[in-house]
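Participant: Enclosed is the structure file final-v7.cif (mmCIF, C-alpha atoms).
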data_entry
loop_
_atom_site.group_PDB
_atom_site.id
_atom_site.type_symbol
_atom_site.label_atom_id
_atom_site.label_comp_id
_atom_site.auth_asym_id
_atom_site.auth_seq_id
_atom_site.Cartn_x
_atom_site.Cartn_y
_atom_site.Cartn_z
ATOM 1 C CA MET S 14 54.438 11.319 70.561
ATOM 2 C CA THR S 15 53.280 14.640 71.983
ATOM 3 C CA THR S 16 55.792 17.446 72.114
ATOM 4 C CA ILE S 17 55.614 20.032 74.869
ATOM 5 C CA LYS S 18 56.022 23.594 73.590
ATOM 6 C CA ARG S 19 57.811 25.897 75.964
ATOM 7 C CA LYS S 20 58.186 29.674 75.834
ATOM 8 C CA LYS S 21 61.765 30.804 75.403
ATOM 9 C CA PHE S 22 62.649 32.512 78.673
ATOM 10 C CA ILE S 23 64.693 35.705 78.378
ATOM 11 C CA CYS S 24 66.728 37.051 81.310
ATOM 12 C CA THR S 25 65.037 40.100 82.900
ATOM 13 C CA PHE S 26 68.307 42.025 82.956
ATOM 14 C CA CYS S 27 69.106 41.108 79.326
ATOM 15 C CA ARG S 28 65.837 42.706 78.237
ATOM 16 C CA GLY S 29 67.430 46.025 79.145
ATOM 17 C CA LYS S 30 64.966 47.091 81.772
ATOM 18 C CA VAL S 31 67.736 47.370 84.346
ATOM 19 C CA LYS S 32 71.052 48.675 83.054
ATOM 20 C CA ASN S 33 73.091 48.359 86.199
ATOM 21 C CA ILE S 34 72.466 45.923 89.050
ATOM 22 C CA ASP S 35 72.849 48.289 91.969
ATOM 23 C CA TYR S 36 73.362 47.011 95.520
ATOM 24 C CA LYS S 37 71.455 50.037 96.888
ATOM 25 C CA ASP S 38 68.178 48.937 95.282
ATOM 26 C CA ALA S 39 67.046 46.503 97.974
ATOM 27 C CA GLN S 40 63.525 46.264 96.540
ATOM 28 C CA LEU S 41 64.828 44.877 93.247
ATOM 29 C CA LEU S 42 67.283 42.471 94.882
ATOM 30 C CA SER S 43 64.655 41.136 97.286
ATOM 31 C CA GLN S 44 62.871 39.568 94.288
ATOM 32 C CA PHE S 45 65.791 37.202 93.797
ATOM 33 C CA ILE S 46 66.117 35.772 97.311
ATOM 34 C CA THR S 47 64.206 32.848 98.737
ATOM 35 C CA TYR S 48 61.875 32.536 101.740
ATOM 36 C CA TYR S 49 64.862 31.822 103.969
ATOM 37 C CA ARG S 50 66.704 34.813 102.382
ATOM 38 C CA SER S 51 69.330 32.849 100.481
ATOM 39 C CA ILE S 52 70.191 33.746 96.872
ATOM 40 C CA GLN S 53 67.758 32.033 94.519
ATOM 41 C CA ASN S 54 69.041 29.568 91.951
ATOM 42 C CA ARG S 55 68.936 30.960 88.426
ATOM 43 C CA PHE S 56 67.101 27.824 87.360
ATOM 44 C CA HIS S 57 64.014 29.283 89.051
ATOM 45 C CA THR S 58 64.427 32.950 88.075
ATOM 46 C CA GLY S 59 65.639 32.394 84.516
ATOM 47 C CA ILE S 60 68.555 34.811 84.730
ATOM 48 C CA CYS S 61 71.593 34.340 82.508
ATOM 49 C CA LEU S 62 74.909 33.350 84.077
ATOM 50 C CA LYS S 63 76.535 36.731 83.474
ATOM 51 C CA HIS S 64 73.808 38.662 85.283
ATOM 52 C CA GLN S 65 73.435 36.036 88.022
ATOM 53 C CA LYS S 66 77.086 36.602 88.977
ATOM 54 C CA GLU S 67 76.572 40.389 89.088
ATOM 55 C CA LEU S 68 73.368 39.912 91.059
ATOM 56 C CA ALA S 69 75.082 37.681 93.627
ATOM 57 C CA VAL S 70 77.745 40.342 94.239
ATOM 58 C CA ALA S 71 75.062 43.036 94.600
ATOM 59 C CA ILE S 72 73.066 40.958 97.098
ATOM 60 C CA LYS S 73 76.193 40.234 99.149
ATOM 61 C CA ARG S 74 77.072 43.939 99.261
ATOM 62 C CA ALA S 75 73.512 44.856 100.286
ATOM 63 C CA ARG S 76 73.697 42.269 103.073
ATOM 64 C CA ILE S 77 76.912 43.724 104.465
ATOM 65 C CA MET S 78 75.348 47.205 104.604
ATOM 66 C CA GLY S 79 72.221 45.988 106.390
ATOM 67 C CA LEU S 80 69.873 46.566 103.438
ATOM 68 C CA LEU S 81 69.067 42.859 103.071
ATOM 69 C CA PRO S 82 69.065 40.133 105.730
ATOM 70 C CA PHE S 83 71.463 37.177 105.792
ATOM 71 C CA VAL S 84 68.857 34.822 107.264
ATOM 72 C CA ARG S 85 65.154 34.917 108.039
ATOM 73 C CA HIS S 86 64.359 35.564 111.674
ATOM 74 C CA GLU S 87 61.261 33.768 112.889
ATOM 75 C CA LYS S 88 59.298 35.880 115.335
ATOM 76 C CA MET Q 30 92.067 58.325 88.706
ATOM 77 C CA LYS Q 31 89.275 55.842 89.193
ATOM 78 C CA LYS Q 32 85.755 56.625 90.269
ATOM 79 C CA TYR Q 33 84.646 55.168 93.599
ATOM 80 C CA GLU Q 34 81.444 55.058 95.607
ATOM 81 C CA LEU Q 35 81.321 55.087 99.379
ATOM 82 C CA MET Q 36 78.350 54.095 101.510
ATOM 83 C CA ALA Q 37 78.596 54.673 105.241
ATOM 84 C CA ILE Q 38 76.357 54.041 108.246
ATOM 85 C CA ILE Q 39 76.577 56.734 110.926
ATOM 86 C CA VAL Q 40 75.739 56.031 114.585
ATOM 87 C CA ASN Q 41 72.138 56.639 115.667
ATOM 88 C CA ASN Q 42 72.829 58.301 119.052
ATOM 89 C CA VAL Q 43 73.063 61.764 117.425
ATOM 90 C CA ASP Q 44 70.543 64.062 115.735
ATOM 91 C CA GLU Q 45 70.091 64.086 111.961
ATOM 92 C CA LYS Q 46 71.831 67.465 111.595
ATOM 93 C CA VAL Q 47 74.792 66.224 113.625
ATOM 94 C CA ALA Q 48 74.903 63.091 111.461
ATOM 95 C CA GLN Q 49 75.069 65.298 108.352
ATOM 96 C CA ASP Q 50 77.937 67.222 109.958
ATOM 97 C CA VAL Q 51 79.698 63.923 110.688
ATOM 98 C CA ALA Q 52 79.307 62.940 107.026
ATOM 99 C CA LYS Q 53 80.804 66.245 105.899
ATOM 100 C CA SER Q 54 83.529 66.620 108.496
ATOM 101 C CA SER Q 55 84.770 63.055 108.858
ATOM 102 C CA ILE Q 56 84.084 61.513 105.426
ATOM 103 C CA LEU Q 57 84.106 64.219 102.746
ATOM 104 C CA LYS Q 58 86.886 66.199 104.426
ATOM 105 C CA ARG Q 59 89.128 63.132 104.580
ATOM 106 C CA ILE Q 60 88.516 62.305 100.923
ATOM 107 C CA THR Q 61 89.570 65.825 99.903
ATOM 108 C CA GLU Q 62 92.580 65.589 102.239
ATOM 109 C CA PHE Q 63 93.821 62.543 100.328
ATOM 110 C CA GLY Q 64 93.498 64.390 97.026
ATOM 111 C CA GLY Q 65 90.048 63.165 96.114
ATOM 112 C CA LYS Q 66 87.455 65.040 94.087
ATOM 113 C CA ILE Q 67 83.831 64.647 95.210
ATOM 114 C CA THR Q 68 81.347 64.339 92.332
ATOM 115 C CA PHE Q 69 78.147 63.282 94.100
ATOM 116 C CA GLU Q 70 76.776 63.201 97.631
ATOM 117 C CA ASP Q 71 73.456 62.069 99.047
ATOM 118 C CA PHE Q 72 72.330 61.848 102.671
ATOM 119 C CA TRP Q 73 69.665 59.113 102.930
ATOM 120 C CA GLY Q 74 68.588 59.900 106.472
ATOM 121 C CA GLU Q 75 67.571 57.296 109.007
ATOM 122 C CA ARG Q 76 66.825 53.776 107.866
ATOM 123 C CA GLY Q 77 66.227 50.502 109.649
ATOM 124 C CA PHE Q 78 68.670 47.617 109.340
ATOM 125 C CA ALA Q 79 67.647 44.191 108.093
ATOM 126 C CA TYR Q 80 69.387 42.736 111.164
ATOM 127 C CA LYS Q 81 70.951 44.133 114.322
ATOM 128 C CA ILE Q 82 74.351 45.769 113.820
ATOM 129 C CA ASN Q 83 76.291 46.294 117.086
ATOM 130 C CA GLY Q 84 73.003 45.795 118.929
ATOM 131 C CA GLU Q 85 71.318 48.703 117.114
ATOM 132 C CA LYS Q 86 68.256 48.523 114.873
ATOM 133 C CA TRP Q 87 68.727 51.630 112.702
ATOM 134 C CA GLY Q 88 71.251 54.230 111.568
ATOM 135 C CA TYR Q 89 71.896 57.156 109.241
ATOM 136 C CA TYR Q 90 72.951 56.241 105.702
ATOM 137 C CA PHE Q 91 75.266 58.377 103.609
ATOM 138 C CA VAL Q 92 76.375 57.807 99.994
ATOM 139 C CA CYS Q 93 78.966 59.733 97.983
ATOM 140 C CA GLN Q 94 80.980 59.288 94.803
ATOM 141 C CA PHE Q 95 84.495 60.583 94.271
ATOM 142 C CA GLU Q 96 87.600 60.292 92.128
ATOM 143 C CA ILE Q 97 90.794 59.373 93.915
ATOM 144 C CA GLU Q 98 94.083 57.617 93.253
ATOM 145 C CA GLY Q 99 94.014 53.921 94.079
ATOM 146 C CA LYS Q 100 96.895 53.976 96.536
ATOM 147 C CA ASN Q 101 95.030 56.463 98.776
ATOM 148 C CA ILE Q 102 92.023 54.175 99.228
ATOM 149 C CA ALA Q 103 93.846 52.062 101.829
ATOM 150 C CA LYS Q 104 94.712 55.191 103.822
ATOM 151 C CA LEU Q 105 91.106 56.371 103.673
ATOM 152 C CA GLU Q 106 89.828 52.967 104.813
ATOM 153 C CA ARG Q 107 92.232 53.014 107.751
ATOM 154 C CA GLU Q 108 91.036 56.468 108.819
ATOM 155 C CA LEU Q 109 87.362 55.518 108.541
ATOM 156 C CA ASN Q 110 87.886 52.292 110.510
ATOM 157 C CA ILE Q 111 89.329 54.294 113.415
ATOM 158 C CA ASP Q 112 86.381 56.751 113.457
ATOM 159 C CA THR Q 113 83.907 55.735 116.179
ATOM 160 C CA LYS Q 114 80.967 57.649 114.646
ATOM 161 C CA ILE Q 115 80.978 55.421 111.558
ATOM 162 C CA VAL Q 116 79.429 52.025 112.196
ATOM 163 C CA ARG Q 117 80.222 50.455 108.848
ATOM 164 C CA PHE Q 118 81.270 51.540 105.360
ATOM 165 C CA LEU Q 119 81.690 50.080 101.890
ATOM 166 C CA ILE Q 120 83.862 51.397 99.060
ATOM 167 C CA THR Q 121 83.121 50.129 95.549
ATOM 168 C CA THR Q 122 84.290 51.075 92.088
ATOM 169 C CA VAL Q 123 81.750 52.673 89.727
ATOM 170 C CA ASP Q 124 81.622 52.878 85.948
ATOM 171 C CA SER Q 125 81.871 56.486 84.810
ATOM 172 C CA ASP Q 126 79.067 55.914 82.253
ATOM 173 C CA ILE Q 127 76.409 55.246 84.886
ATOM 174 C CA ALA Q 128 74.825 58.359 86.352
ATOM 175 C CA PRO Q 129 74.487 58.381 90.161
ATOM 176 C CA GLU Q 130 70.971 57.952 91.542
ATOM 177 C CA LYS Q 131 69.474 59.717 94.523
ATOM 178 C CA TYR Q 132 67.737 57.739 97.270
ATOM 179 C CA GLU Q 133 64.349 59.255 96.391
ATOM 180 C CA ASP Q 134 64.739 58.087 92.774
ATOM 181 C CA ILE Q 135 65.606 54.545 93.900
ATOM 182 C CA GLN Q 136 62.544 54.499 96.150
ATOM 183 C CA ALA Q 137 60.314 55.911 93.405
ATOM 184 C CA ARG Q 138 61.527 53.191 91.013
ATOM 185 C CA ALA Q 139 60.861 50.522 93.625
ATOM 186 C CA LYS Q 140 57.341 51.907 94.126
ATOM 187 C CA ALA Q 141 56.700 51.910 90.380
ATOM 188 C CA ALA Q 142 57.798 48.270 90.228
ATOM 189 C CA THR Q 143 55.458 47.315 93.053
ATOM 190 C CA THR Q 144 52.455 49.228 91.664
ATOM 191 C CA LYS Q 145 52.391 47.058 88.521
ATOM 192 C CA PRO Q 146 50.760 44.097 90.247
ATOM 193 C CA GLU Q 147 48.068 46.477 91.572
ATOM 194 C CA GLU Q 148 46.441 46.367 88.134
ATOM 195 C CA SER Q 149 45.694 42.708 88.733
ATOM 196 C CA THR Q 150 44.377 43.384 92.246
ATOM 197 C CA PRO Q 151 40.832 44.328 91.086
ATOM 198 C CA VAL Q 152 40.274 40.598 90.565
ATOM 199 C CA GLU Q 153 40.768 40.096 94.276
ATOM 200 C CA GLU Q 154 38.497 43.058 94.953
ATOM 201 C CA LYS Q 155 35.810 41.456 92.810
ATOM 202 C CA GLU Q 156 36.166 38.305 94.823
ATOM 203 C CA SER Q 157 35.814 40.303 97.999
ATOM 204 C CA THR Q 158 32.706 42.062 96.620
ATOM 205 C CA SER Q 159 31.202 38.716 95.677
ATOM 206 C CA LYS Q 160 31.920 37.572 99.231
ATOM 207 C CA LYS Q 161 30.144 40.693 100.485
ATOM 208 C CA GLU Q 162 27.198 39.880 98.249
ATOM 209 C CA LYS Q 163 27.213 36.374 99.623
ATOM 210 C CA THR Q 164 27.110 37.689 103.148
ATOM 211 C CA GLU Q 165 24.287 40.048 102.219
ATOM 212 C CA LYS Q 166 22.386 37.140 100.677
ATOM 213 C CA GLU Q 167 22.947 35.135 103.824
ATOM 214 C CA VAL Q 168 21.638 38.033 105.897
ATOM 215 C CA GLU Q 169 18.580 38.253 103.659
ATOM 216 C CA GLU Q 170 18.009 34.527 104.000
ATOM 217 C CA VAL Q 171 18.245 34.834 107.743
ATOM 218 C CA GLN Q 172 15.782 37.727 107.622
ATOM 219 C CA LYS Q 173 13.480 35.634 105.440
ATOM 220 C CA ASP Q 174 13.779 32.789 107.900
ATOM 221 C CA THR Q 175 12.745 34.868 110.885
ATOM 222 C CA PRO Q 176 9.215 35.782 109.621
ATOM 223 C CA LYS Q 177 8.720 32.106 108.761
ATOM 224 C CA LYS Q 178 9.534 31.235 112.326
ATOM 225 C CA ASP Q 179 7.052 33.857 113.472
ATOM 226 C CA ALA Q 180 4.422 32.283 111.222
ATOM 227 C CA VAL Q 181 5.201 28.857 112.689
ATOM 228 C CA ASP Q 182 4.923 30.271 116.190
ATOM 229 C CA LYS Q 183 1.603 31.903 115.330
ATOM 230 C CA LYS Q 184 0.317 28.620 113.902
ATOM 231 C CA LEU Q 185 1.513 26.783 117.000
ATOM 232 C CA ASP Q 186 -0.261 29.339 119.162
ATOM 233 C CA GLN Q 187 -3.428 28.921 117.101
ATOM 234 C CA ILE Q 188 -3.247 25.124 117.447
ATOM 235 C CA MET Q 189 -2.569 25.354 121.163
ATOM 236 C CA ASN Q 190 -5.414 27.810 121.611
ATOM 237 C CA ALA Q 191 -7.732 25.564 119.630
ATOM 238 C CA ALA Q 192 -6.630 22.566 121.703
ATOM 239 C CA SER Q 193 -7.186 24.445 124.967
ATOM 240 C CA ALA Q 194 -10.640 25.598 123.698
ATOM 241 C CA GLU Q 195 -11.552 22.008 122.856
ATOM 242 C CA LEU Q 196 -10.555 20.912 126.334
#
Kindly present the structure from the file in structure tokens form.
Facilitator:
Amino acid sequence: MTTIKRKKFICTFCRGKVKNIDYKDAQLLSQFITYYRSIQNRFHTGICLKHQKELAVAIKRARIMGLLPFVRHEK
Amino acid sequence: MKKYELMAIIVNNVDEKVAQDVAKSSILKRITEFGGKITFEDFWGERGFAYKINGEKWGYYFVCQFEIEGKNIAKLERELNIDTKIVRFLITTVDSDIAPEKYEDIQARAKAATTKPEESTPVEEKESTSKKEKTEKEVEEVQKDTPKKDAVDKKLDQIMNAASAEL
């Protein structure tokens, strides 16, 4: 039997690079939305549940203030 | 007294100076009226929306932080909703430990984050240079081909001449 070795994935926010998930930082938040501008599943981004919940709130706030889109508009 | 943050979008049919006056007169003045204490203010300037808001594509953004009693927030919200020069606003609570960031700092951080992948871009450049080399090689080959064709033509001419001489 061959065993597949996988790297242990650590949440980007847990690493301490970003202390506070700020809704004003649209550039950071845009990394965690999909092609159709919906919030990306944490299965794909590897973010822990605690930070995913904070991130979702931040993205929703940014959307309300027009910093991030709700949906992708095809030209 | 809790610490709050307010972000507001000001209408785009006025000049930037007028928009700053609106931020001071209608937002900051009202906060102080309700017994608030302003700790931080930052005028972002004009910025495009991600989608159309009230049929407009851009507006002036204004951010400020203040300390105020919780019961006065509802009054402040009511006042700001009535104001026609404010398109939209958002009031959130802020932890007192986190230092407020200016818009320029946020942008600089975003730029720094995006410049990281530039280190890996030289690989693409190399590819492009190799493509250029390829094209140059192709050009050279074409140039090599042309004299050959001339030689063939010359030979053909010689043969034709010889044939005509024989006749």
Participant: What separation in Å, quoted to one decimal, exists between CA of Ala69 in chain S and CA of Thr25 in chain S?
Facilitator: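 Separation between CA of Ala69 in chain S and CA of Thr25 in chain S: 14.9 Å.
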Participant: Written as a PyMOL selection string, what is the full residue list that the PyMOL selection byres ((chain Q) within 10 of (chain S)) yields on the file shown?
Facilitator: chain Q and resi 36-38+76-82+86-88+90+92+116-119+121+124+127+130+132+135-136+138-140+142-143
Participant: Would you mind exporting C-alpha atoms of the selected residues as a compact mmCIF listing (two decimals), keeping the file's coordinate frame?
Facilitator:
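The new file part_8.txt reads:
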# COMPACT_ATOMS: atom_id res chain seq x y z
CA MET Q 36 78.35 54.10 101.51
CA ALA Q 37 78.60 54.67 105.24
CA ILE Q 38 76.36 54.04 108.25
CA ARG Q 76 66.82 53.78 107.87
CA GLY Q 77 66.23 50.50 109.65
CA PHE Q 78 68.67 47.62 109.34
CA ALA Q 79 67.65 44.19 108.09
CA TYR Q 80 69.39 42.74 111.16
CA LYS Q 81 70.95 44.13 114.32
CA ILE Q 82 74.35 45.77 113.82
CA LYS Q 86 68.26 48.52 114.87
CA TRP Q 87 68.73 51.63 112.70
CA GLY Q 88 71.25 54.23 111.57
CA TYR Q 90 72.95 56.24 105.70
CA VAL Q 92 76.38 57.81 99.99
CA VAL Q 116 79.43 52.02 112.20
CA ARG Q 117 80.22 50.46 108.85
CA PHE Q 118 81.27 51.54 105.36
CA LEU Q 119 81.69 50.08 101.89
CA THR Q 121 83.12 50.13 95.55
CA ASP Q 124 81.62 52.88 85.95
CA ILE Q 127 76.41 55.25 84.89
CA GLU Q 130 70.97 57.95 91.54
CA TYR Q 132 67.74 57.74 97.27
CA ILE Q 135 65.61 54.54 93.90
CA GLN Q 136 62.54 54.50 96.15
CA ARG Q 138 61.53 53.19 91.01
CA ALA Q 139 60.86 50.52 93.62
CA LYS Q 140 57.34 51.91 94.13
CA ALA Q 142 57.80 48.27 90.23
CA THR Q 143 55.46 47.32 93.05
Participant: Determine the residue membership of the PyMOL selection byres ((chain S and resi 57-60) around 8) for the file above and supply it as a CSV table (one decimal) with C-alpha atoms, keeping the file's coordinate frame.
Facilitator:
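As a result, result12.csv now contains:
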chain,number,residue,atom,x,y,z
S,22,PHE,CA,62.6,32.5,78.7
S,23,ILE,CA,64.7,35.7,78.4
S,24,CYS,CA,66.7,37.1,81.3
S,25,THR,CA,65.0,40.1,82.9
S,26,PHE,CA,68.3,42.0,83.0
S,45,PHE,CA,65.8,37.2,93.8
S,53,GLN,CA,67.8,32.0,94.5
S,54,ASN,CA,69.0,29.6,92.0
S,55,ARG,CA,68.9,31.0,88.4
S,56,PHE,CA,67.1,27.8,87.4
S,61,CYS,CA,71.6,34.3,82.5
S,62,LEU,CA,74.9,33.4,84.1
S,64,HIS,CA,73.8,38.7,85.3
S,65,GLN,CA,73.4,36.0,88.0
Participant: Tell me, in Å to one decimal, how far CA of Ser55 in chain Q is from CA of Asp126 in chain Q.
Facilitator: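 Computing it gives 28.1 Å between the two atoms.
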Participant: Do you know which residues the PyMOL selection byres ((chain Q and resi 67) around 9) returns on this file, as a PyMOL selection string?
Facilitator: chain Q and resi 57+60-61+65-66+68-70+93-97
Participant: Please compute the CA of Leu68 in chain S-CA of Phe72 in chain Q distance, one decimal, in Å.
Facilitator: 24.8 Å
